[in-house]
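Shown below: my_file.txt, with compact mmCIF, C-alpha atoms.
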```txt
# COMPACT_ATOMS: atom_id res chain seq x y z
CA MET A 30 0.00 0.00 0.00
CA VAL A 31 2.80 2.45 0.91
CA ASN A 32 4.44 1.65 -2.41
CA TYR A 33 1.42 2.79 -4.40
CA ILE A 34 0.95 5.95 -2.33
CA TRP A 35 4.61 6.83 -2.68
CA VAL A 36 4.75 6.34 -6.46
CA GLY A 37 1.31 7.99 -6.77
CA MET A 38 2.39 11.18 -5.01
CA MET A 39 5.43 11.59 -7.27
CA VAL A 40 3.77 10.68 -10.59
CA ILE A 41 0.66 12.76 -9.93
CA GLY A 42 2.96 15.57 -8.84
CA PHE A 43 4.89 15.41 -12.14
CA ILE A 44 1.70 15.32 -14.23
CA VAL A 45 0.09 18.22 -12.35
CA ALA A 46 3.35 20.18 -12.63
CA GLY A 47 3.34 19.62 -16.39
CA ILE A 48 -0.19 20.98 -16.69
CA ASN A 49 0.32 23.81 -14.19
CA GLY A 50 3.72 24.86 -15.51
CA THR A 51 5.31 24.39 -12.10
CA MET A 52 7.99 21.93 -13.24
CA ASP A 53 10.79 24.30 -12.16
CA LYS A 54 9.44 24.32 -8.61
CA VAL A 55 9.20 20.52 -8.63
CA ASN A 56 12.83 20.25 -9.70
CA GLU A 57 13.88 22.51 -6.89
CA ALA A 58 11.66 20.62 -4.42
CA ILE A 59 13.33 17.27 -5.18
CA PHE A 60 16.76 18.47 -4.20
CA THR A 61 15.92 20.79 -1.32
CA SER A 62 13.64 18.25 0.36
CA ALA A 63 16.16 15.41 0.06
CA LYS A 64 18.69 17.67 1.74
CA GLU A 65 16.15 18.70 4.36
CA ALA A 66 15.40 15.06 5.22
CA VAL A 67 19.07 14.39 5.92
CA THR A 68 19.45 17.59 7.97
CA LEU A 69 16.37 16.63 9.95
CA SER A 70 17.68 13.12 10.70
CA PHE A 71 20.98 14.58 11.85
CA GLY A 72 19.11 17.03 14.04
CA MET A 73 17.33 14.12 15.68
CA ILE A 74 20.56 12.31 16.60
CA SER A 75 21.07 14.44 19.71
CA ILE A 76 17.72 13.67 21.32
CA LEU A 77 17.58 10.03 20.26
CA VAL A 78 21.07 9.35 21.63
CA PHE A 79 20.25 11.04 24.90
CA TRP A 80 16.81 9.51 25.37
CA LEU A 81 17.74 5.95 24.46
CA GLY A 82 20.75 6.27 26.76
CA ILE A 83 18.52 7.27 29.67
CA MET A 84 16.02 4.55 28.83
CA LYS A 85 18.76 1.91 28.79
CA ILE A 86 19.40 2.81 32.44
CA ALA A 87 15.71 2.37 33.18
CA GLU A 88 15.74 -0.98 31.42
CA LYS A 89 18.89 -2.28 33.17
CA GLY A 90 17.64 -1.08 36.55
CA GLY A 91 14.56 -3.25 36.10
CA LEU A 92 12.03 -0.45 35.81
CA LEU A 93 10.12 -2.51 33.26
CA GLU A 94 9.45 -5.16 35.93
CA VAL A 95 8.30 -2.51 38.40
CA LEU A 96 5.86 -1.12 35.86
CA ALA A 97 4.73 -4.64 35.09
CA VAL A 98 3.78 -5.18 38.74
CA LEU A 99 1.78 -1.95 38.68
CA PHE A 100 -0.09 -3.04 35.57
CA ARG A 101 -0.92 -6.54 36.77
CA PRO A 102 -4.43 -5.78 38.09
CA ILE A 103 -5.31 -3.94 34.87
CA VAL A 104 -4.06 -6.76 32.69
CA LYS A 105 -6.10 -9.31 34.64
CA ARG A 106 -9.24 -7.37 33.85
CA LEU A 107 -8.33 -6.71 30.23
CA PHE A 108 -7.49 -10.33 29.48
CA PRO A 109 -9.97 -12.47 31.40
CA ASP A 110 -9.22 -15.46 29.12
CA ILE A 111 -5.63 -15.86 30.28
CA PRO A 112 -5.19 -18.31 33.18
CA LYS A 113 -3.50 -17.05 36.33
CA ASP A 114 0.33 -16.85 36.18
CA HIS A 115 0.42 -17.95 32.54
CA PRO A 116 3.62 -16.78 30.75
CA ALA A 117 1.47 -14.82 28.27
CA GLN A 118 0.61 -12.43 31.10
CA GLY A 119 4.27 -11.65 31.78
CA TYR A 120 4.98 -10.91 28.11
CA ILE A 121 1.94 -8.68 27.82
CA LEU A 122 3.03 -6.75 30.92
CA SER A 123 6.56 -6.23 29.55
CA ASN A 124 5.12 -5.20 26.19
CA MET A 125 2.93 -2.55 27.80
CA ALA A 126 5.72 -1.26 30.03
CA ALA A 127 8.15 -0.97 27.11
CA ASN A 128 5.56 0.86 25.00
CA LEU A 129 4.97 3.30 27.83
CA LEU A 130 8.66 4.16 28.00
CA GLY A 131 8.85 4.53 24.22
CA LEU A 132 11.11 1.48 23.83
CA GLY A 133 9.63 0.29 20.53
CA ASN A 134 12.54 -2.08 19.95
CA ALA A 135 11.89 -3.85 23.23
CA ALA A 136 8.10 -3.76 22.94
CA THR A 137 7.78 -5.58 19.60
CA PRO A 138 9.61 -8.82 20.53
CA MET A 139 7.67 -8.97 23.80
CA GLY A 140 4.40 -8.49 21.92
CA ILE A 141 5.29 -11.28 19.49
CA LYS A 142 6.20 -13.61 22.40
CA ALA A 143 2.84 -12.82 23.97
CA MET A 144 1.08 -13.60 20.67
CA GLU A 145 2.87 -16.99 20.50
CA GLN A 146 1.65 -17.86 23.99
CA LEU A 147 -1.87 -16.69 23.16
CA LYS A 148 -1.86 -18.88 20.05
CA ILE A 149 -0.95 -21.90 22.18
CA LEU A 150 -3.77 -20.98 24.57
CA ASN A 151 -6.10 -20.84 21.58
CA GLY A 152 -5.23 -24.41 20.56
CA GLY A 153 -2.75 -23.33 17.87
CA LYS A 154 -5.50 -22.25 15.48
CA ASN A 155 -4.70 -19.69 12.75
CA GLU A 156 -7.60 -17.57 13.94
CA ALA A 157 -7.26 -14.48 16.13
CA SER A 158 -8.51 -15.02 19.69
CA ARG A 159 -10.21 -12.47 21.89
CA SER A 160 -7.04 -11.75 23.88
CA MET A 161 -4.94 -11.40 20.72
CA ILE A 162 -7.20 -8.66 19.42
CA THR A 163 -7.19 -6.89 22.78
CA LEU A 164 -3.38 -6.96 22.81
CA LEU A 165 -3.36 -5.59 19.28
CA ALA A 166 -5.80 -2.83 20.17
CA ILE A 167 -3.60 -1.73 23.07
CA ASN A 168 -0.54 -1.71 20.83
CA THR A 169 -2.05 0.28 17.97
CA SER A 170 -3.09 3.04 20.35
CA SER A 171 -0.02 2.65 22.55
CA ILE A 172 0.44 5.12 25.37
CA THR A 173 3.89 6.68 25.26
CA LEU A 174 5.07 8.97 28.04
CA ILE A 175 7.48 11.05 25.96
CA PRO A 176 7.09 11.36 22.18
CA THR A 177 10.85 11.74 21.66
CA THR A 178 10.98 11.87 17.85
CA ILE A 179 8.35 14.59 17.67
CA ILE A 180 10.16 16.70 20.25
CA ALA A 181 13.34 16.32 18.18
CA ILE A 182 11.59 17.46 14.99
CA ARG A 183 10.03 20.44 16.78
CA MET A 184 13.46 21.42 18.08
CA SER A 185 14.94 21.22 14.59
CA TYR A 186 12.39 23.75 13.40
CA ASN A 187 13.14 26.16 16.27
CA SER A 188 10.00 25.69 18.32
CA ALA A 189 9.74 28.15 21.20
CA SER A 190 8.59 25.27 23.40
CA PRO A 191 9.26 21.87 21.77
CA THR A 192 7.90 19.90 24.73
CA ASP A 193 4.57 21.70 25.14
CA ILE A 194 2.85 18.90 23.19
CA VAL A 195 3.76 16.28 25.83
CA ALA A 196 0.62 16.76 27.93
CA PRO A 197 -1.79 17.03 24.95
CA THR A 198 -0.27 13.89 23.43
CA LEU A 199 -0.69 12.01 26.73
CA ILE A 200 -4.33 13.03 26.96
CA ALA A 201 -5.07 12.18 23.32
CA THR A 202 -3.34 8.81 23.54
CA ALA A 203 -5.13 7.97 26.80
CA ILE A 204 -8.46 8.72 25.12
CA SER A 205 -7.59 6.59 22.09
CA THR A 206 -6.44 3.69 24.29
CA VAL A 207 -9.63 3.72 26.36
CA GLY A 208 -11.57 4.00 23.10
CA ALA A 209 -9.70 1.05 21.61
CA ILE A 210 -10.48 -1.11 24.65
CA LEU A 211 -14.17 -0.19 24.57
CA ILE A 212 -14.46 -0.83 20.81
CA ASP A 213 -12.67 -4.15 21.28
CA ARG A 214 -15.17 -5.14 23.96
CA TYR A 215 -18.11 -4.06 21.82
CA TYR A 216 -17.04 -6.17 18.84
CA TYR A 217 -16.19 -9.13 21.07
CA TYR A 218 -19.67 -9.25 22.60
CA ARG A 219 -21.20 -8.73 19.17
CA SER A 220 -19.19 -11.64 17.76
CA LEU A 221 -20.57 -14.07 20.34
CA PRO A 222 -23.26 -16.42 19.02
CA LYS A 223 -26.81 -15.29 19.83
CA GLY A 224 -28.18 -16.85 22.98
CA GLY A 225 -24.66 -17.58 24.25
CA LYS A 226 -23.26 -16.20 27.46
CA MET B 12 1.60 29.72 32.01
CA SER B 13 -1.12 27.12 32.18
CA ILE B 14 -1.00 23.96 34.29
CA VAL B 15 -0.76 21.84 31.16
CA GLN B 16 2.25 23.73 29.90
CA SER B 17 4.07 23.57 33.20
CA PHE B 18 3.31 19.85 33.40
CA SER B 19 4.88 19.40 29.98
CA ILE B 20 7.98 21.31 31.09
CA TRP B 21 8.43 19.60 34.50
CA PHE B 22 7.63 16.10 33.38
CA ILE B 23 10.81 15.30 31.40
CA PRO B 24 13.38 16.51 33.97
CA PHE B 25 11.39 14.73 36.67
CA LEU B 26 11.36 11.45 34.73
CA ILE B 27 15.08 11.68 33.89
CA GLY B 28 15.97 12.48 37.51
CA PHE B 29 13.89 9.61 38.74
CA ILE B 30 15.46 7.13 36.31
CA LEU B 31 18.99 8.25 37.20
CA LEU B 32 18.40 7.96 40.95
CA TYR B 33 16.60 4.64 40.51
CA GLY B 34 19.47 3.28 38.39
CA THR B 35 22.00 4.40 40.99
CA TYR B 36 19.96 2.77 43.76
CA LYS B 37 19.84 -0.48 41.74
CA LYS B 38 23.65 -0.25 41.29
CA VAL B 39 23.45 0.09 37.51
CA PRO B 40 26.70 1.48 36.04
CA THR B 41 24.71 4.53 34.91
CA TYR B 42 27.20 6.31 32.70
CA GLU B 43 28.41 3.22 30.82
CA THR B 44 24.82 2.06 30.35
CA PHE B 45 23.85 5.50 29.07
CA VAL B 46 26.60 5.38 26.45
CA GLU B 47 25.59 1.88 25.41
CA GLY B 48 21.96 2.91 24.94
CA GLY B 49 23.01 6.12 23.21
CA LYS B 50 24.67 4.11 20.46
CA GLU B 51 21.30 2.52 19.69
CA GLY B 52 19.77 5.98 19.42
CA PHE B 53 22.49 6.96 16.97
CA SER B 54 21.80 4.01 14.69
CA ILE B 55 18.04 4.69 14.80
CA ALA B 56 18.63 8.27 13.63
CA ILE B 57 20.90 7.07 10.82
CA ASN B 58 18.60 4.23 9.77
CA ILE B 59 15.70 6.62 9.43
CA ILE B 60 17.46 8.74 6.75
CA PRO B 61 16.44 6.75 3.63
CA PHE B 62 12.81 6.57 4.83
CA LEU B 63 12.65 10.30 5.43
CA VAL B 64 14.41 11.21 2.17
CA GLY B 65 12.00 9.05 0.17
CA MET B 66 8.90 10.38 1.87
CA LEU B 67 9.87 14.04 2.06
CA VAL B 68 10.83 14.15 -1.62
CA ALA B 69 7.52 12.55 -2.66
CA ILE B 70 5.51 14.88 -0.42
CA SER B 71 7.28 18.02 -1.58
CA VAL B 72 6.96 17.06 -5.26
CA PHE B 73 3.24 16.63 -4.63
CA ARG B 74 3.07 19.99 -2.87
CA ALA B 75 5.35 22.03 -5.20
CA SER B 76 3.43 20.87 -8.27
CA GLY B 77 0.23 22.35 -6.85
CA ALA B 78 -1.48 18.96 -6.58
CA LEU B 79 -1.76 19.24 -2.80
CA ASP B 80 -3.58 22.59 -3.15
CA TYR B 81 -6.20 20.95 -5.36
CA VAL B 82 -6.71 18.12 -2.88
CA MET B 83 -7.03 20.63 -0.02
CA MET B 84 -9.48 22.74 -2.01
CA ALA B 85 -11.61 19.69 -2.68
CA MET B 86 -11.55 18.48 0.91
CA ARG B 87 -11.87 21.72 2.84
CA PRO B 88 -15.65 22.28 2.52
CA LEU B 89 -16.43 18.75 3.71
CA PHE B 90 -14.05 18.71 6.67
CA SER B 91 -14.69 22.27 7.80
CA LEU B 92 -18.26 21.11 8.44
CA PHE B 93 -16.81 18.96 11.23
CA HIS B 94 -14.20 21.55 12.29
CA ILE B 95 -11.40 19.31 11.04
CA PRO B 96 -8.47 21.21 9.45
CA ALA B 97 -8.04 19.67 5.98
CA GLU B 98 -4.23 20.02 6.23
CA VAL B 99 -3.93 17.14 8.72
CA VAL B 100 -6.32 14.71 6.97
CA PRO B 101 -3.60 13.20 4.73
CA LEU B 102 -1.46 12.73 7.85
CA GLY B 103 -4.30 10.97 9.65
CA LEU B 104 -4.67 8.53 6.75
CA MET B 105 -0.93 7.94 6.39
CA ARG B 106 -0.56 7.35 10.13
CA THR B 107 -2.47 4.05 9.88
CA ILE B 108 -0.36 2.75 6.98
CA SER B 109 3.25 3.80 7.46
CA GLY B 110 5.03 5.16 10.52
CA THR B 111 7.91 6.69 8.59
CA GLY B 112 5.53 8.05 5.94
CA ALA B 113 3.59 9.80 8.66
CA LEU B 114 6.81 11.07 10.20
CA GLY B 115 7.70 12.61 6.84
CA MET B 116 4.29 14.27 6.61
CA THR B 117 4.51 15.55 10.19
CA SER B 118 7.90 17.15 9.59
CA ASP B 119 6.62 18.66 6.34
CA LEU B 120 3.61 20.16 8.15
CA ILE B 121 5.81 21.48 10.96
CA ALA B 122 8.23 22.98 8.43
CA THR B 123 5.46 24.61 6.38
CA HIS B 124 3.22 25.93 9.15
CA GLY B 125 5.76 26.34 11.97
CA PRO B 126 6.12 24.12 15.06
CA ASP B 127 4.13 26.45 17.33
CA SER B 128 1.22 27.01 14.95
CA PHE B 129 -2.13 25.26 15.36
CA ILE B 130 -1.37 22.87 12.50
CA GLY B 131 2.18 22.27 13.77
CA ARG B 132 1.02 21.35 17.27
CA LEU B 133 -1.83 19.28 15.91
CA ALA B 134 0.45 17.30 13.59
CA SER B 135 2.83 16.67 16.51
CA THR B 136 0.00 15.33 18.68
CA ILE B 137 -1.50 13.15 15.94
CA GLN B 138 1.92 11.64 15.20
CA GLY B 139 2.51 10.87 18.88
CA SER B 140 -0.90 9.62 19.87
CA THR B 141 -1.44 6.51 17.73
CA ASP B 142 0.67 3.75 16.25
CA THR B 143 0.66 2.33 12.74
CA THR B 144 -2.26 -0.10 12.75
CA PHE B 145 -1.41 -1.94 9.53
CA TYR B 146 2.19 -2.35 10.63
CA VAL B 147 1.35 -3.67 14.10
CA LEU B 148 -1.23 -6.00 12.59
CA THR B 149 1.18 -7.36 9.98
CA VAL B 150 4.09 -7.82 12.37
CA TYR B 151 2.21 -9.32 15.33
CA PHE B 152 -0.18 -11.57 13.45
CA GLY B 153 2.34 -12.35 10.71
CA ALA B 154 4.97 -13.50 13.20
CA VAL B 155 2.74 -16.18 14.69
CA GLY B 156 0.83 -17.10 11.52
CA ILE B 157 -2.65 -15.75 12.22
CA LYS B 158 -4.69 -15.75 9.01
CA LYS B 159 -8.21 -14.96 10.20
CA MET B 160 -7.93 -11.65 12.00
CA LYS B 161 -11.69 -11.30 12.63
CA TYR B 162 -12.61 -7.81 13.88
CA ALA B 163 -9.00 -6.78 14.68
CA LEU B 164 -8.60 -4.35 11.77
CA LYS B 165 -11.87 -2.58 12.55
CA VAL B 166 -10.82 -2.08 16.18
CA GLY B 167 -7.38 -0.75 15.18
CA LEU B 168 -8.70 1.71 12.61
CA LEU B 169 -11.49 3.00 14.84
CA ALA B 170 -8.94 3.54 17.61
CA ASP B 171 -6.85 5.57 15.16
CA LEU B 172 -9.89 7.67 14.29
CA ILE B 173 -10.55 8.31 17.96
CA GLY B 174 -6.91 9.33 18.49
CA PHE B 175 -7.11 11.68 15.51
CA LEU B 176 -10.32 13.37 16.68
CA ALA B 177 -9.09 13.48 20.29
CA SER B 178 -5.90 15.25 19.14
CA ILE B 179 -7.93 17.94 17.39
CA ALA B 180 -10.18 18.39 20.43
CA VAL B 181 -7.32 18.47 22.95
CA ILE B 182 -5.17 20.94 21.00
CA SER B 183 -8.16 23.21 20.30
CA LEU B 184 -9.23 23.20 23.94
CA LEU B 185 -5.79 23.53 25.57
CA PHE B 186 -4.19 26.12 23.33
CA TYR B 187 -6.96 27.92 21.51
CA SER B 188 -9.95 28.38 23.73
```

Kindly present the structure from the file in structure tokens form.
Amino acid sequence: MVNYIWVGMMVIGFIVAGINGTMDKVNEAIFTSAKEAVTLSFGMISILVFWLGIMKIAEKGGLLEVLAVLFRPIVKRLFPDIPKDHPAQGYILSNMAANLLGLGNAATPMGIKAMEQLKILNGGKNEASRSMITLLAINTSSITLIPTTIIAIRMSYNSASPTDIVAPTLIATAISTVGAILIDRYYYYRSLPKGGK
Amino acid sequence: MSIVQSFSIWFIPFLIGFILLYGTYKKVPTYETFVEGGKEGFSIAINIIPFLVGMLVAISVFRASGALDYVMMAMRPLFSLFHIPAEVVPLGLMRTISGTGALGMTSDLIATHGPDSFIGRLASTIQGSTDTTFYVLTVYFGAVGIKKMKYALKVGLLADLIGFLASIAVISLLFYS
């Protein structure tokens, strides 16, 4: 899908430029924007190095496990299908904690491990189970405490206050996560056979 | 300064301070660990370059040609009915498909409108508040061989829509009311 969008934007751009007579601007745009992309990435090095360095300390200190303990009661309610002390629970907890700290690289393997365990719980079928979809819903609307990359981009463009979007982002992401959980519940109960529990 | 803004400013130093003290308490070699993690951050920034170059070039060709203006003109009447700024609609759509594509669009919006403008703040919040549904779906279900995903896609996309609308509402209320 991304491939078509990407090619589409360029080709449509060239055609429209031909009709509009803006081909000179398009030529200029190709080279200035390529340069801008590299400048932007270099501008982000500073924040990404600093933040991932700090987060490595959190990870090594075992902060993920502490967060996992805090989340345990929530996870029990969100995933009623998972038996008590099943390994799937531990992976889900680590996945959520890593997402919260913005450790995408740590969150994904944990999420996949959790999915493997959930598949075993579901009898190894190639069909998504209730818990799998809940886990997915939480991940697509993942709550992140600090949107590091965005702050870096805002800094690169000389924002007067690059971090002033931290609180709005937290609120918006909390709303979308709660929304995701509610929608997940709605579709789950709708998918149950009529007259069932 | 509002409470929200001072929260945003205090939150990061507080979190960093807490992590450093916690690491010290847990006897983590803080400085060495920091350097080790920092190297990962460096490679992320470098790895992102080809994605950003590809996306930013495509977006700016689309914009410089005038094609984006036509799309905006066509969309504006419909979305202004719902008080949705048409500028961020392409970003909202891209956000569900490609994380780096959306990152390219966000930086383009911030560059064009300014980071502290309404559109700039809105783009920042939209980018930070949801994750790429199609990517998460492909990676998580693909890795364990799930073929029938049932209502998973619907849930993911509706959650994205909620995040998108919530971003507009939150930014409008906090900064412009």

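Counting from CA of Tyr218 (chain A), the distance to CA of Gly103 (chain B) is 28.5 Å.
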
Open item on the list: Can you pull out the residues contacting Ala122 (chain B)? Cut-off 12 Å, using all atoms listed in the file, and skip same-chain residues under 2 positions away; I want them as a list in words.
Closed with: Ser62, Glu65, Ala66, Leu69, Ile182, Arg183, Met184, Ser185, Tyr186, Asn187 and Ser188 of chain A; Leu67, Ser71, Gly115, Met116, Thr117, Ser118, Asp119, Leu120, His124, Gly125, Pro126, Asp127, Ser128, Ile130, Gly131, Arg132, Ala134 and Ser135 of chain B

Open item on the list: Counting all atoms listed in the file, I want the residues whose atoms come within 12 Å of (1.5, -3.8, 13.6) in the file frame, returned as JSON, numbers by chain.
Closed with: {"A": [133, 136, 137, 138, 140, 141, 162, 164, 165, 166, 167, 168, 169, 170, 171], "B": [106, 107, 108, 109, 110, 141, 142, 143, 144, 145, 146, 147, 148, 149, 150, 151, 152, 153, 154, 163, 164, 167, 168]}

Expected file: the selected residues, C-alpha atoms, as a PDB file, in the coordinates of the input:
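Wrote it out as again09.pdb, contents follow:
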```
ATOM      1  CA  GLY A 133       9.630   0.290  20.530  1.00  0.00           C
ATOM      2  CA  ALA A 136       8.100  -3.760  22.940  1.00  0.00           C
ATOM      3  CA  THR A 137       7.780  -5.580  19.600  1.00  0.00           C
ATOM      4  CA  PRO A 138       9.610  -8.820  20.530  1.00  0.00           C
ATOM      5  CA  GLY A 140       4.400  -8.490  21.920  1.00  0.00           C
ATOM      6  CA  ILE A 141       5.290 -11.280  19.490  1.00  0.00           C
ATOM      7  CA  ILE A 162      -7.200  -8.660  19.420  1.00  0.00           C
ATOM      8  CA  LEU A 164      -3.380  -6.960  22.810  1.00  0.00           C
ATOM      9  CA  LEU A 165      -3.360  -5.590  19.280  1.00  0.00           C
ATOM     10  CA  ALA A 166      -5.800  -2.830  20.170  1.00  0.00           C
ATOM     11  CA  ILE A 167      -3.600  -1.730  23.070  1.00  0.00           C
ATOM     12  CA  ASN A 168      -0.540  -1.710  20.830  1.00  0.00           C
ATOM     13  CA  THR A 169      -2.050   0.280  17.970  1.00  0.00           C
ATOM     14  CA  SER A 170      -3.090   3.040  20.350  1.00  0.00           C
ATOM     15  CA  SER A 171      -0.020   2.650  22.550  1.00  0.00           C
TER      16      SER A 171
ATOM     17  CA  ARG B 106      -0.560   7.350  10.130  1.00  0.00           C
ATOM     18  CA  THR B 107      -2.470   4.050   9.880  1.00  0.00           C
ATOM     19  CA  ILE B 108      -0.360   2.750   6.980  1.00  0.00           C
ATOM     20  CA  SER B 109       3.250   3.800   7.460  1.00  0.00           C
ATOM     21  CA  GLY B 110       5.030   5.160  10.520  1.00  0.00           C
ATOM     22  CA  THR B 141      -1.440   6.510  17.730  1.00  0.00           C
ATOM     23  CA  ASP B 142       0.670   3.750  16.250  1.00  0.00           C
ATOM     24  CA  THR B 143       0.660   2.330  12.740  1.00  0.00           C
ATOM     25  CA  THR B 144      -2.260  -0.100  12.750  1.00  0.00           C
ATOM     26  CA  PHE B 145      -1.410  -1.940   9.530  1.00  0.00           C
ATOM     27  CA  TYR B 146       2.190  -2.350  10.630  1.00  0.00           C
ATOM     28  CA  VAL B 147       1.350  -3.670  14.100  1.00  0.00           C
ATOM     29  CA  LEU B 148      -1.230  -6.000  12.590  1.00  0.00           C
ATOM     30  CA  THR B 149       1.180  -7.360   9.980  1.00  0.00           C
ATOM     31  CA  VAL B 150       4.090  -7.820  12.370  1.00  0.00           C
ATOM     32  CA  TYR B 151       2.210  -9.320  15.330  1.00  0.00           C
ATOM     33  CA  PHE B 152      -0.180 -11.570  13.450  1.00  0.00           C
ATOM     34  CA  GLY B 153       2.340 -12.350  10.710  1.00  0.00           C
ATOM     35  CA  ALA B 154       4.970 -13.500  13.200  1.00  0.00           C
ATOM     36  CA  ALA B 163      -9.000  -6.780  14.680  1.00  0.00           C
ATOM     37  CA  LEU B 164      -8.600  -4.350  11.770  1.00  0.00           C
ATOM     38  CA  GLY B 167      -7.380  -0.750  15.180  1.00  0.00           C
ATOM     39  CA  LEU B 168      -8.700   1.710  12.610  1.00  0.00           C
TER      40      LEU B 168
END
```

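Each of A:Met161, A:Val40, A:Ala97, A:Val195 was compared to chain B using all atoms listed in the file, and A:Val195 turns out to be the nearest.
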
Task: Pick from B:Ser19, B:Phe90, B:Ser54, B:Ile95 nearest to chain A, counting only C-alpha atoms - done: B:Ser19

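Residues near the point (-2.8, -15.3, 21.6), at a distance of 8 Å or less over all atoms listed in the file, make up A:Ala117, A:Ala143, A:Met144, A:Glu145, A:Gln146, A:Leu147, A:Lys148, A:Ile149, A:Leu150, A:Asn151, A:Ala157, A:Ser158, A:Arg159, A:Ser160, A:Met161.
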
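Computed from the coordinates, the CA of Thr68 (chain A) to CA of Thr123 (chain B) distance equals 15.7 Å.
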
Open item on the list: Considering all atoms listed in the file, can you say which of A:Asp110, A:Ile175, A:Met39, A:Ala87 comes closest to Ile70 (chain B)?
Closed with: A:Met39

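Computed from the coordinates, the CA of Val82 (chain B) to CA of Leu104 (chain B) distance equals 13.7 Å.
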
Find the residues around Leu176 (chain B) up to 9 Å (all atoms listed in the file counted), leave out those fewer than 4 positions away in its own chain, and share them as a PDB file with C-alpha atoms, in the coordinates of the input.
```pdb
ATOM      1  CA  ALA A 201      -5.070  12.180  23.320  1.00  0.00           C
TER       2      ALA A 201
ATOM      3  CA  ILE B  95     -11.400  19.310  11.040  1.00  0.00           C
ATOM      4  CA  ILE B 137      -1.500  13.150  15.940  1.00  0.00           C
ATOM      5  CA  ASP B 171      -6.850   5.570  15.160  1.00  0.00           C
ATOM      6  CA  LEU B 172      -9.890   7.670  14.290  1.00  0.00           C
ATOM      7  CA  ALA B 180     -10.180  18.390  20.430  1.00  0.00           C
ATOM      8  CA  VAL B 181      -7.320  18.470  22.950  1.00  0.00           C
TER       9      VAL B 181
END
```

- [ ] Might you pull out every residue within 9 Å of Gln16 (chain B), with all atoms listed in the file counted and same-chain residues fewer than 2 positions away left off, and present them as number ranges by chain?
- [x] A: 192-196; B: 12-14, 18-21

Task: Spatial neighbours of Gln118 (chain A), max dist 10 Å, only C-alpha atoms, sep filter under 3 positions, as a count of residues only - done: 17

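Distances here use all atoms listed in the file; by that measure, the residue among B:Ser76, B:Ser183, B:Thr35, B:Gln138 closest to chain A is B:Ser76.
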
Open item on the list: With distances taken over only C-alpha atoms, which residue among A:Leu174, A:Val78, A:Ile179, A:Ile59 lies nearest Phe22 (chain B)?
Closed with: A:Leu174

TODO: Compare B:Pro24, B:Ser140, B:Tyr162, B:Ala170 by their minimum atom-to-atom distance to Pro176 (chain A), counting all atoms listed in the file, and give me the closest one.
DONE: B:Ser140

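Using only C-alpha atoms, the residues found no farther than 12 Å from Glu57 (chain A), other than those of its own chain fewer than 2 positions away, are Thr51, Met52, Asp53, Lys54, Val55, Ile59, Phe60, Thr61, Ser62, Ala63 and Lys64 of chain A; Val68, Ser71, Val72, Arg74, Ala75 and Ser76 of chain B.
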